[in-house]
Amino acid sequence: MKKSTEADLAMSKAGVKISGDLLSNPLCEQDLAFLESMTALDTAMKRMDAFNQEKVNQIQKTVIDPLKKYSSVFPSLNMAVKRREQALQDYKRLQSKVEKYEEKEKTGPIMVKLHQAREELKPIREDFEAKNKQLLDEMPKFYNSRIDYFQPSFEALIRAQVAYFTEMHKIFTELTDQIDQGALTDEQRKQENEAKLNELRALSIVADD
């Protein structure tokens with residue numbers, strides 16, 4: 001998402017740079033129609049860049065920042081899972097110890113050791129059961145909350161995209177109306193463009209092929 005917004009912003013900045021370069025072209029001093037077209041293009045590129053910056057800022061606040069906050073939960077969640085796994089290993093180890101004594105002949109020393117092992121196991125089992133219950137209770141809540149958490153962000157992203165492309169359509173429709181010469185056919189446009197290109201090639205600053 002962040003790379004996409006950065007790419008959009010870089011593209012609009014490049015558009016402003018190109019339109020500015022075209023506006024400073026010497027042909028603008030010689031051809032009023034060309035000057036008007038380039039002025040219209042430059043204005044459109046600047047409008048696009050300004051609106052694009054606004055879109056990027058909005059996406060940063062409503063989508064990217066909430067994503068960062070959501071991802072910050074995962075380290076503590078992973079730590080809770082690791083603590084539960086450690087408690088499980090401790091529980092299994094002591095449970096195995098208890099079972100080992102239970103399988104032996106019930107002599108006095110063995111019964112003492114069995115009692116000690118059971119007493120040692122009790123708080124470990126309670127600790128594991130508490131950690132396990134906490135995860136069983138909270139993991140589904142965490143998983144299910146993702147929709148409620150992200151829905152406003154997705155809605156904001158959609159609104160930002162709709163507003164952006166609506167504005168872009170408006171900008172370029174107005175630009176087309178400003179620079180369009182309705183009386184020319186496609187062939188005439190081609191010939192005129194070729195003539196303009198020849199004028200550019202004739203400039204001393206343009207290198208020969």
# chains A, B, ... in the order shown; residues from 1 in each chain; ligands from 1
$ closest_atom_pairs --of "region 100-204 of chain A" --to "region 50-68 of chain A" --cutoff "8 Å" --atoms "only C-alpha atoms" --output "tab-separated table"
residue	atom	partner	partner_atom	distance
A:Pro152	CA	A:Thr62	CA	8.0
A:Ser153	CA	A:Val63	CA	5.0
A:Phe154	CA	A:Val63	CA	7.3
A:Ala156	CA	A:Thr62	CA	6.4
A:Leu157	CA	A:Ile59	CA	6.3
A:Ala160	CA	A:Lys55	CA	6.1
A:Gln161	CA	A:Lys55	CA	7.7
A:Tyr164	CA	A:Lys55	CA	6.8
A:Glu167	CA	A:Phe51	CA	8.0
$ write_last_selection --atoms "C-alpha atoms" --output "PDB file, in the first residue's frame"
ATOM      1  CA  PRO A 152     -13.573   1.724   8.422  1.00  0.00           C
ATOM      2  CA  SER A 153     -10.112   1.688   6.831  1.00  0.00           C
ATOM      3  CA  PHE A 154     -11.344  -0.175   3.764  1.00  0.00           C
ATOM      4  CA  ALA A 156     -11.971   5.200   3.730  1.00  0.00           C
ATOM      5  CA  LEU A 157      -9.663   3.688   1.099  1.00  0.00           C
ATOM      6  CA  ALA A 160     -10.365   8.116  -1.324  1.00  0.00           C
ATOM      7  CA  GLN A 161      -9.952   6.146  -4.548  1.00  0.00           C
ATOM      8  CA  TYR A 164      -9.376  10.647  -6.648  1.00  0.00           C
ATOM      9  CA  GLU A 167     -11.365  14.322  -9.758  1.00  0.00           C
TER      10      GLU A 167
END
$ residues_around --residues "Met48 (chain A)" --least-positions-apart "5" --cutoff "10 Å" --atoms "only C-alpha atoms" --output "list of chain:residue names"
A:Leu9, A:Ser12, A:Lys13, A:Gly15, A:Val16, A:Asp42, A:Thr43, A:Gln53, A:Glu54, A:Tyr164, A:Glu167, A:Met168, A:Ile171, A:Phe172
$ residues_around --residues "region 86-97 of chain A" --least-positions-apart "6" --cutoff "9 Å" --atoms "only C-alpha atoms" --output "mmCIF file with N, CA, C and O atoms, in the first residue's frame"
data_model
loop_
_atom_site.group_PDB
_atom_site.id
_atom_site.type_symbol
_atom_site.label_atom_id
_atom_site.label_comp_id
_atom_site.auth_asym_id
_atom_site.auth_seq_id
_atom_site.Cartn_x
_atom_site.Cartn_y
_atom_site.Cartn_z
ATOM 1 N N LEU A 114 6.192 -39.621 45.041
ATOM 2 C CA LEU A 114 4.971 -39.423 44.243
ATOM 3 C C LEU A 114 4.172 -38.240 44.786
ATOM 4 O O LEU A 114 3.679 -37.408 44.008
ATOM 5 N N ALA A 117 5.949 -35.072 43.833
ATOM 6 C CA ALA A 117 5.795 -34.790 42.399
ATOM 7 C C ALA A 117 4.407 -34.235 42.108
ATOM 8 O O ALA A 117 4.247 -33.312 41.294
ATOM 9 N N ARG A 118 3.390 -34.794 42.763
ATOM 10 C CA ARG A 118 2.021 -34.306 42.556
ATOM 11 C C ARG A 118 1.867 -32.873 43.067
ATOM 12 O O ARG A 118 1.178 -32.061 42.443
ATOM 13 N N GLU A 120 4.248 -30.719 43.293
ATOM 14 C CA GLU A 120 5.011 -29.865 42.359
ATOM 15 C C GLU A 120 4.242 -29.641 41.063
ATOM 16 O O GLU A 120 4.305 -28.567 40.457
ATOM 17 N N LEU A 121 3.489 -30.664 40.664
ATOM 18 C CA LEU A 121 2.726 -30.573 39.413
ATOM 19 C C LEU A 121 1.536 -29.618 39.529
ATOM 20 O O LEU A 121 1.196 -28.936 38.559
ATOM 21 N N ILE A 124 1.939 -25.973 38.482
ATOM 22 C CA ILE A 124 2.329 -25.937 37.066
ATOM 23 C C ILE A 124 1.116 -26.204 36.188
ATOM 24 O O ILE A 124 0.928 -25.538 35.154
ATOM 25 N N ARG A 125 0.286 -27.169 36.598
ATOM 26 C CA ARG A 125 -0.931 -27.464 35.844
ATOM 27 C C ARG A 125 -1.888 -26.283 35.867
ATOM 28 O O ARG A 125 -2.481 -25.917 34.834
ATOM 29 N N ASP A 127 -1.120 -23.154 36.246
ATOM 30 C CA ASP A 127 -0.553 -22.079 35.425
ATOM 31 C C ASP A 127 -0.808 -22.334 33.944
ATOM 32 O O ASP A 127 -1.207 -21.427 33.196
ATOM 33 N N PHE A 128 -0.599 -23.598 33.526
ATOM 34 C CA PHE A 128 -0.850 -23.935 32.114
ATOM 35 C C PHE A 128 -2.324 -23.766 31.761
ATOM 36 O O PHE A 128 -2.670 -23.194 30.730
ATOM 37 N N GLU A 129 -3.187 -24.256 32.620
ATOM 38 C CA GLU A 129 -4.626 -24.178 32.340
ATOM 39 C C GLU A 129 -5.089 -22.720 32.250
ATOM 40 O O GLU A 129 -5.944 -22.376 31.424
ATOM 41 N N LYS A 131 -3.180 -20.061 31.368
ATOM 42 C CA LYS A 131 -2.658 -19.494 30.112
ATOM 43 C C LYS A 131 -3.401 -20.048 28.911
ATOM 44 O O LYS A 131 -3.693 -19.327 27.950
ATOM 45 N N ASN A 132 -3.714 -21.338 28.961
ATOM 46 C CA ASN A 132 -4.425 -21.964 27.853
ATOM 47 C C ASN A 132 -5.836 -21.397 27.721
ATOM 48 O O ASN A 132 -6.306 -21.109 26.610
#
